[in-house]
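Q: Structure file input.cif, mmCIF, C-alpha atoms, is pasted below:
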data_my_file
loop_
_atom_site.group_PDB
_atom_site.id
_atom_site.type_symbol
_atom_site.label_atom_id
_atom_site.label_comp_id
_atom_site.auth_asym_id
_atom_site.auth_seq_id
_atom_site.Cartn_x
_atom_site.Cartn_y
_atom_site.Cartn_z
ATOM 1 C CA MET A 81 0.000 0.000 0.000
ATOM 2 C CA THR A 82 1.267 3.471 -0.821
ATOM 3 C CA THR A 83 1.504 6.013 1.986
ATOM 4 C CA HIS A 84 0.555 9.572 1.054
ATOM 5 C CA HIS A 85 1.437 12.486 3.285
ATOM 6 C CA THR A 86 -1.537 14.724 3.850
ATOM 7 C CA ASP A 87 0.466 17.943 3.363
ATOM 8 C CA GLU A 88 1.506 16.986 -0.132
ATOM 9 C CA GLN A 89 -0.490 17.206 -3.312
ATOM 10 C CA PRO A 90 -1.187 13.989 -5.208
ATOM 11 C CA LEU A 91 1.534 13.060 -7.633
ATOM 12 C CA PRO A 92 0.715 12.734 -11.318
ATOM 13 C CA ALA A 93 -0.457 9.161 -11.823
ATOM 14 C CA GLU A 94 2.530 8.101 -13.950
ATOM 15 C CA LEU A 95 4.983 9.240 -11.271
ATOM 16 C CA GLN A 96 3.093 7.512 -8.480
ATOM 17 C CA ALA A 97 2.914 4.342 -10.587
ATOM 18 C CA ARG A 98 6.662 4.480 -11.172
ATOM 19 C CA LEU A 99 7.384 4.839 -7.440
ATOM 20 C CA ASP A 100 4.987 1.992 -6.665
ATOM 21 C CA HIS A 101 6.826 -0.150 -9.216
ATOM 22 C CA LEU A 102 10.228 0.643 -7.714
ATOM 23 C CA GLY A 103 8.920 -0.061 -4.231
ATOM 24 C CA ALA A 104 7.905 -3.549 -5.328
ATOM 25 C CA LEU A 105 11.301 -4.563 -6.761
ATOM 26 C CA ALA A 106 12.680 -7.711 -5.153
ATOM 27 C CA ARG A 107 16.262 -8.235 -4.026
ATOM 28 C CA ASN A 108 18.685 -8.777 -6.939
ATOM 29 C CA TRP A 109 16.403 -6.839 -9.300
ATOM 30 C CA ASP A 110 19.479 -5.822 -11.327
ATOM 31 C CA SER A 111 21.092 -9.303 -11.383
ATOM 32 C CA TYR A 112 24.086 -7.771 -9.542
ATOM 33 C CA GLU A 113 22.730 -8.422 -6.003
ATOM 34 C CA ALA A 114 20.881 -5.105 -5.624
ATOM 35 C CA GLU A 115 18.853 -4.404 -2.501
ATOM 36 C CA PRO A 116 15.088 -3.821 -2.552
ATOM 37 C CA ILE A 117 14.240 -0.129 -2.717
ATOM 38 C CA SER A 118 13.764 1.166 0.822
ATOM 39 C CA PRO A 119 10.394 2.607 1.908
ATOM 40 C CA LYS A 120 12.292 5.625 3.217
ATOM 41 C CA ALA A 121 13.789 6.339 -0.207
ATOM 42 C CA ILE A 122 10.396 5.914 -1.893
ATOM 43 C CA SER A 123 8.747 8.253 0.620
ATOM 44 C CA LEU A 124 11.461 10.885 0.235
ATOM 45 C CA ALA A 125 11.347 10.599 -3.554
ATOM 46 C CA ARG A 126 7.657 11.350 -3.364
ATOM 47 C CA THR A 127 8.318 14.401 -1.198
ATOM 48 C CA VAL A 128 11.054 15.659 -3.529
ATOM 49 C CA LEU A 129 8.795 15.225 -6.550
ATOM 50 C CA CYS A 130 5.849 17.017 -4.892
ATOM 51 C CA ARG A 131 7.939 19.926 -3.658
ATOM 52 C CA SER A 132 9.729 20.232 -6.985
ATOM 53 C CA ILE A 133 6.499 20.323 -8.967
ATOM 54 C CA GLU A 134 5.144 22.979 -6.594
ATOM 55 C CA ALA A 135 8.312 25.085 -6.858
ATOM 56 C CA LEU A 136 8.421 24.861 -10.627
ATOM 57 C CA GLU A 137 4.756 25.817 -10.893
ATOM 58 C CA ARG A 138 5.369 28.851 -8.669
ATOM 59 C CA HIS A 139 7.992 29.911 -11.193
ATOM 60 C CA GLY A 140 5.599 29.478 -14.108
ATOM 61 C CA ALA A 141 6.898 26.105 -15.259
ATOM 62 C CA GLN A 142 3.874 23.885 -15.661
ATOM 63 C CA ASN A 143 3.908 20.138 -16.290
ATOM 64 C CA VAL A 144 7.671 19.772 -15.853
ATOM 65 C CA LEU A 145 8.160 16.143 -14.931
ATOM 66 C CA PRO A 146 11.398 14.269 -14.320
ATOM 67 C CA PHE A 147 13.055 12.743 -17.359
ATOM 68 C CA ALA A 148 13.785 9.513 -15.480
ATOM 69 C CA ILE A 149 13.145 7.830 -12.138
ATOM 70 C CA ALA A 150 15.513 4.910 -11.644
ATOM 71 C CA PRO A 151 16.353 2.502 -8.837
ATOM 72 C CA VAL A 152 19.857 2.463 -7.326
ATOM 73 C CA SER A 153 21.447 -0.785 -6.227
ATOM 74 C CA ASP A 154 21.725 0.129 -2.535
ATOM 75 C CA GLY A 155 17.949 0.516 -2.297
ATOM 76 C CA GLY A 156 17.860 4.169 -3.265
ATOM 77 C CA VAL A 157 16.134 6.143 -5.988
ATOM 78 C CA GLN A 158 17.610 8.444 -8.614
ATOM 79 C CA LEU A 159 15.598 11.301 -10.104
ATOM 80 C CA GLU A 160 16.705 13.201 -13.178
ATOM 81 C CA TRP A 161 15.451 16.339 -14.880
ATOM 82 C CA ARG A 162 16.807 17.564 -18.203
ATOM 83 C CA SER A 163 16.409 20.818 -20.071
ATOM 84 C CA HIS A 164 18.173 22.485 -22.997
ATOM 85 C CA THR A 165 20.377 24.311 -20.492
ATOM 86 C CA GLY A 166 21.450 21.368 -18.373
ATOM 87 C CA PHE A 167 20.380 18.587 -16.070
ATOM 88 C CA VAL A 168 19.880 17.821 -12.391
ATOM 89 C CA GLU A 169 20.414 14.300 -11.096
ATOM 90 C CA ILE A 170 19.243 13.673 -7.523
ATOM 91 C CA GLU A 171 20.208 10.526 -5.708
ATOM 92 C CA ILE A 172 18.167 9.497 -2.682
ATOM 93 C CA GLY A 173 20.033 6.909 -0.649
ATOM 94 C CA SER A 174 18.308 4.040 1.082
ATOM 95 C CA SER A 175 18.736 5.867 4.394
ATOM 96 C CA GLY A 176 17.257 9.071 3.017
ATOM 97 C CA ALA A 177 20.443 11.024 2.282
ATOM 98 C CA LEU A 178 20.167 13.371 -0.704
ATOM 99 C CA SER A 179 22.974 14.220 -3.097
ATOM 100 C CA ALA A 180 23.075 15.881 -6.494
ATOM 101 C CA LEU A 181 24.952 16.087 -9.752
ATOM 102 C CA VAL A 182 24.232 19.277 -11.644
ATOM 103 C CA GLY A 183 25.262 19.894 -15.258
ATOM 104 C CA ARG A 184 25.049 23.229 -16.984
ATOM 105 C CA GLY A 185 25.518 23.942 -20.676
ATOM 106 C CA VAL A 186 25.386 21.809 -23.785
ATOM 107 C CA PRO A 187 27.098 18.388 -23.653
ATOM 108 C CA SER A 188 30.186 19.537 -25.610
ATOM 109 C CA SER A 189 30.993 22.247 -23.046
ATOM 110 C CA ARG A 190 29.103 21.012 -20.031
ATOM 111 C CA ILE A 191 30.209 21.993 -16.539
ATOM 112 C CA GLU A 192 29.301 19.442 -13.880
ATOM 113 C CA GLU A 193 29.228 19.851 -10.133
ATOM 114 C CA GLU A 194 28.691 17.184 -7.487
ATOM 115 C CA ARG A 195 26.891 18.218 -4.329
ATOM 116 C CA PRO A 196 27.189 15.548 -1.622
ATOM 117 C CA ASN A 197 24.535 16.879 0.759
ATOM 118 C CA VAL A 198 21.431 18.701 -0.384
ATOM 119 C CA SER A 199 18.020 19.326 1.147
ATOM 120 C CA VAL A 200 14.595 18.978 -0.432
ATOM 121 C CA ALA A 201 14.478 22.771 -0.699
ATOM 122 C CA ASP A 202 17.873 22.763 -2.444
ATOM 123 C CA VAL A 203 16.533 20.382 -5.079
ATOM 124 C CA ALA A 204 13.721 22.774 -5.958
ATOM 125 C CA THR A 205 16.224 25.639 -6.242
ATOM 126 C CA LEU A 206 18.501 23.616 -8.501
ATOM 127 C CA LEU A 207 15.576 22.709 -10.750
ATOM 128 C CA VAL A 208 14.297 26.240 -11.057
ATOM 129 C CA ALA A 209 17.795 27.262 -12.190
ATOM 130 C CA ILE A 210 17.855 24.901 -15.187
ATOM 131 C CA VAL A 211 14.236 24.939 -16.333
ATOM 132 C CA MET B 647 45.327 -19.768 -13.736
ATOM 133 C CA ALA B 648 43.383 -18.786 -16.840
ATOM 134 C CA ASP B 649 45.185 -16.952 -19.637
ATOM 135 C CA LEU B 650 44.664 -13.229 -19.440
ATOM 136 C CA GLU B 651 43.646 -11.387 -22.590
ATOM 137 C CA THR B 652 44.939 -7.954 -23.487
ATOM 138 C CA ILE B 653 41.982 -5.679 -24.074
ATOM 139 C CA ALA B 654 42.458 -3.243 -26.953
ATOM 140 C CA ASP B 655 40.846 0.177 -27.105
ATOM 141 C CA ASP B 656 38.515 -0.983 -29.856
ATOM 142 C CA ASP B 657 37.398 -4.097 -28.000
ATOM 143 C CA ALA B 658 33.672 -4.216 -27.334
ATOM 144 C CA LEU B 659 32.384 -4.789 -23.805
ATOM 145 C CA TYR B 660 28.950 -5.979 -22.717
ATOM 146 C CA ARG B 661 27.210 -4.678 -19.598
ATOM 147 C CA ARG B 662 24.020 -6.370 -18.432
ATOM 148 C CA LEU B 663 21.248 -3.805 -17.887
ATOM 149 C CA ALA B 664 18.131 -4.150 -15.755
ATOM 150 C CA PRO B 665 14.913 -2.987 -17.437
ATOM 151 C CA ASP B 666 14.599 -0.209 -14.863
ATOM 152 C CA HIS B 667 17.939 1.219 -15.986
ATOM 153 C CA ILE B 668 16.691 1.937 -19.490
ATOM 154 C CA ASN B 669 15.501 5.532 -19.778
ATOM 155 C CA PRO B 670 12.164 6.400 -21.397
ATOM 156 C CA ASP B 671 14.052 7.623 -24.496
ATOM 157 C CA GLY B 672 15.857 4.288 -24.849
ATOM 158 C CA GLY B 673 19.123 5.540 -23.394
ATOM 159 C CA VAL B 674 20.964 4.032 -20.436
ATOM 160 C CA ASN B 675 20.553 5.506 -16.958
ATOM 161 C CA SER B 676 23.725 6.383 -15.076
ATOM 162 C CA ALA B 677 22.432 4.403 -12.069
ATOM 163 C CA ALA B 678 23.434 1.305 -14.051
ATOM 164 C CA PHE B 679 27.059 2.102 -13.179
ATOM 165 C CA LYS B 680 26.560 2.569 -9.446
ATOM 166 C CA LEU B 681 27.050 0.060 -6.667
ATOM 167 C CA ARG B 682 25.646 0.362 -3.160
ATOM 168 C CA GLY B 683 24.668 3.944 -3.885
ATOM 169 C CA LYS B 684 28.113 5.045 -5.018
ATOM 170 C CA PRO B 685 29.782 5.188 -8.427
ATOM 171 C CA ASP B 686 31.028 1.633 -8.912
ATOM 172 C CA PRO B 687 34.868 1.521 -8.759
ATOM 173 C CA SER B 688 34.915 -2.010 -10.197
ATOM 174 C CA ILE B 689 32.287 -2.432 -12.911
ATOM 175 C CA SER B 690 31.683 -5.953 -14.177
ATOM 176 C CA VAL B 691 31.526 -6.326 -17.949
ATOM 177 C CA ASP B 692 32.098 -9.131 -20.437
ATOM 178 C CA LEU B 693 34.740 -8.966 -23.177
ATOM 179 C CA ALA B 694 32.533 -9.380 -26.240
ATOM 180 C CA ARG B 695 34.950 -11.446 -28.336
ATOM 181 C CA LEU B 696 35.111 -14.134 -25.637
ATOM 182 C CA THR B 697 31.363 -14.610 -25.309
ATOM 183 C CA SER B 698 28.120 -14.104 -27.191
ATOM 184 C CA PRO B 699 25.266 -11.699 -26.464
ATOM 185 C CA GLY B 700 23.027 -14.617 -25.572
ATOM 186 C CA GLU B 701 25.532 -16.103 -23.168
ATOM 187 C CA SER B 702 26.276 -12.750 -21.579
ATOM 188 C CA ILE B 703 22.662 -11.884 -20.865
ATOM 189 C CA ALA B 704 21.679 -15.406 -19.812
ATOM 190 C CA VAL B 705 23.080 -14.748 -16.323
ATOM 191 C CA ALA B 706 20.112 -12.478 -15.613
ATOM 192 C CA ASN B 707 17.793 -15.368 -16.448
ATOM 193 C CA ARG B 708 14.641 -13.260 -16.610
ATOM 194 C CA PRO B 709 12.801 -11.197 -19.205
ATOM 195 C CA GLY B 710 13.329 -7.539 -19.971
ATOM 196 C CA PHE B 711 17.071 -7.398 -19.408
ATOM 197 C CA ARG B 712 19.186 -5.804 -22.131
ATOM 198 C CA LEU B 713 22.837 -5.768 -23.069
ATOM 199 C CA GLY B 714 24.688 -2.495 -23.235
ATOM 200 C CA LEU B 715 27.669 -2.263 -25.566
ATOM 201 C CA LEU B 716 30.591 0.064 -24.955
ATOM 202 C CA VAL B 717 34.071 0.106 -26.380
ATOM 203 C CA ALA B 718 37.066 -0.081 -24.050
ATOM 204 C CA ALA B 719 38.363 3.280 -25.266
ATOM 205 C CA LEU B 720 35.462 5.068 -23.574
ATOM 206 C CA PRO B 721 36.246 4.263 -19.926
ATOM 207 C CA ARG B 722 39.950 4.709 -20.662
ATOM 208 C CA SER B 723 39.277 8.179 -22.081
ATOM 209 C CA ILE B 724 37.803 9.274 -18.743
ATOM 210 C CA GLY B 725 40.567 7.898 -16.543
ATOM 211 C CA LEU B 726 39.333 4.380 -15.843
ATOM 212 C CA THR B 727 41.146 1.152 -16.655
ATOM 213 C CA VAL B 728 39.848 -1.981 -18.350
ATOM 214 C CA ARG B 729 41.260 -5.438 -17.720
ATOM 215 C CA HIS B 730 40.379 -9.058 -18.271
ATOM 216 C CA ASP B 731 39.337 -10.739 -15.011
ATOM 217 C CA PRO B 732 38.226 -14.254 -15.911
ATOM 218 C CA LEU B 733 36.016 -16.118 -13.468
ATOM 219 C CA PRO B 734 35.682 -19.900 -13.264
ATOM 220 C CA GLU B 735 32.140 -19.636 -14.576
ATOM 221 C CA ASN B 736 32.739 -16.768 -17.014
ATOM 222 C CA HIS B 737 36.003 -16.539 -18.970
ATOM 223 C CA ALA B 738 34.871 -13.270 -20.617
ATOM 224 C CA HIS B 739 34.470 -11.431 -17.324
ATOM 225 C CA SER B 740 36.370 -8.158 -17.230
ATOM 226 C CA LEU B 741 36.493 -5.097 -15.009
ATOM 227 C CA VAL B 742 36.282 -1.371 -15.598
ATOM 228 C CA GLU B 743 38.128 0.025 -12.609
ATOM 229 C CA GLY B 744 39.279 3.253 -11.041
ATOM 230 C CA GLU B 745 38.128 6.305 -9.189
ATOM 231 C CA ASN B 746 34.610 6.548 -10.494
ATOM 232 C CA THR B 747 32.385 9.587 -10.042
ATOM 233 C CA LYS B 748 28.763 10.455 -10.747
ATOM 234 C CA GLY B 749 29.909 12.409 -13.782
ATOM 235 C CA ARG B 750 31.846 9.415 -15.082
ATOM 236 C CA CYS B 751 28.829 7.156 -14.525
ATOM 237 C CA ARG B 752 26.918 9.574 -16.696
ATOM 238 C CA GLU B 753 29.569 9.520 -19.421
ATOM 239 C CA LEU B 754 29.623 5.729 -19.372
ATOM 240 C CA ALA B 755 25.831 5.663 -19.659
ATOM 241 C CA GLU B 756 25.812 8.151 -22.521
ATOM 242 C CA GLY B 757 28.455 6.118 -24.349
ATOM 243 C CA THR B 758 26.667 2.783 -23.947
ATOM 244 C CA ALA B 759 24.485 1.581 -26.809
ATOM 245 C CA LEU B 760 21.713 -0.929 -26.338
ATOM 246 C CA LEU B 761 22.309 -4.099 -28.270
ATOM 247 C CA ASP B 762 19.353 -5.395 -30.242
ATOM 248 C CA LEU B 763 19.334 -9.088 -29.445
ATOM 249 C CA ASP B 764 16.569 -9.854 -31.947
ATOM 250 C CA THR B 765 18.759 -9.194 -34.982
#
Show this structure as structure tokens.
A:
Amino acid sequence: MTTHHTDEQPLPAELQARLDHLGALARNWDSYEAEPISPKAISLARTVLCRSIEALERHGAQNVLPFAIAPVSDGGVQLEWRSHTGFVEIEIGSSGALSALVGRGVPSSRIEEERPNVSVADVATLLVAIV
Amino acid sequence: MADLETIADDDALYRRLAPDHINPDGGVNSAAFKLRGKPDPSISVDLARLTSPGESIAVANRPGFRLGLLVAALPRSIGLTVRHDPLPENHAHSLVEGENTKGRCRELAEGTALLDLDT
């Protein structure tokens, strides 16, 4: 069963379905001994997605959805947004730690920056900067 | 001890890919090159000339898995090494090794092509 926080808006159905799918992955889902995706990572991914959608809408960016939502082998979740000016990759660890890789510019002259510790609010700020 | 092969820059490598590591646009997600939440410093691949696509993907033994193909020059161009590391059950097994980063995982993903096993 999916837990929804009452202070968050419902996710678009395709995003909720994707999180539900990831939450149901069994151990070794990647054939390299991956862990099941942790409920904490799924819950935090949902929060990040909700807050990001809200922040983008406040800045006039409607219907901006992540390019990809992928499982990570430690039981985490990776979210990725892309635009013509760059990308933001957010990794949510199985314990709930957030980190980011931000790329700015076109691929041939892209500048990338790793950020080891970010907050949910930071994610929204990073997204607003590239969309 | 098994004979070790020298891997040339133009040697093809296979990486087994879970269905959830294929992006909606058909590209490969960088999470496919991470281990325990960190960029994998020792990525398992198969040396293509010592195996077949069917044999390489058979280890997954379930539907939906794909094979990614990358040439050895790619990881070498971003500071990683590639070496043959035969296993008793898999003579083609090789390793892409080194100080991996999220950015390098991304470059590996962008440089990996999905192999069409139906042709």
Q: Which residues come within 10 Å of stretch 749-764 of chain B, counting only C-alpha atoms, excluding same-chain residues fewer than 4 positions away, as a count of residues only?
A: 42
Q: List the residues selected by the PyMOL selection byres ((chain A) within 8 of (chain B)) in the file shown, writing them as a list in words.
A: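 Expected selection for the PyMOL selection byres ((chain A) within 8 of (chain B)) here is Trp109, Asp110, Ser111, Ala114, Phe147, Ala148, Ala150, Pro151, Val152, Ser153, Asp154, Gly155, Gly156, Gln158, Gly173, Leu181, Glu192 and Glu194 of chain A.
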Q: The PyMOL selection byres ((chain A and resi 204) around 8) on the file shown: which residues, as a list in words?
A: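 Going through the file, the PyMOL selection byres ((chain A and resi 204) around 8) ends up selecting Val128, Arg131, Ser132, Ala135, Leu136, Val200, Ala201, Asp202, Val203, Thr205, Leu206, Leu207 and Val208 of chain A.
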Q: Given the file above and the PyMOL selection byres ((chain A and resi 166) around 7), which residues are selected, and can you give them as an NGL selection string?
A: :A and (162-165 or 167 or 183-186 or 210)
Q: What does the structure give for the distance between atom CA of A:Glu160 and atom CA of A:Pro146, in Å to one decimal?
A: 5.5 Å
Q: Residues within 10 Å of A:Pro92, please, as a list of chain:residue names. Count all atoms listed in the file; anything in the same chain fewer than 3 positions from it doesn't count.
A: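 Answer for this query is A:Gln89, A:Leu95, A:Gln96, A:Ala97, A:Leu129, A:Cys130, A:Ile133, A:Asn143, A:Leu145.
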Q: Just the number, please: distance in Å from atom CA of A:Leu178 to atom CA of A:Ser123, one decimal.
A: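 Atom CA of A:Ser123 lies at a distance of 12.6 Å from atom CA of A:Leu178.
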Q: Find the distance between atom CA of A:Val157 and atom CA of B:Leu741 and write it in Å to one decimal.
A: 24.9 Å
Q: Would you please work out which residue, of B:Ser698, B:Leu693, B:Gly710, B:Ala658, is nearest to B:Arg729 when using all atoms listed in the file?
A: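 When distances to B:Arg729 are compared using all atoms listed in the file, the smallest one comes from B:Leu693.
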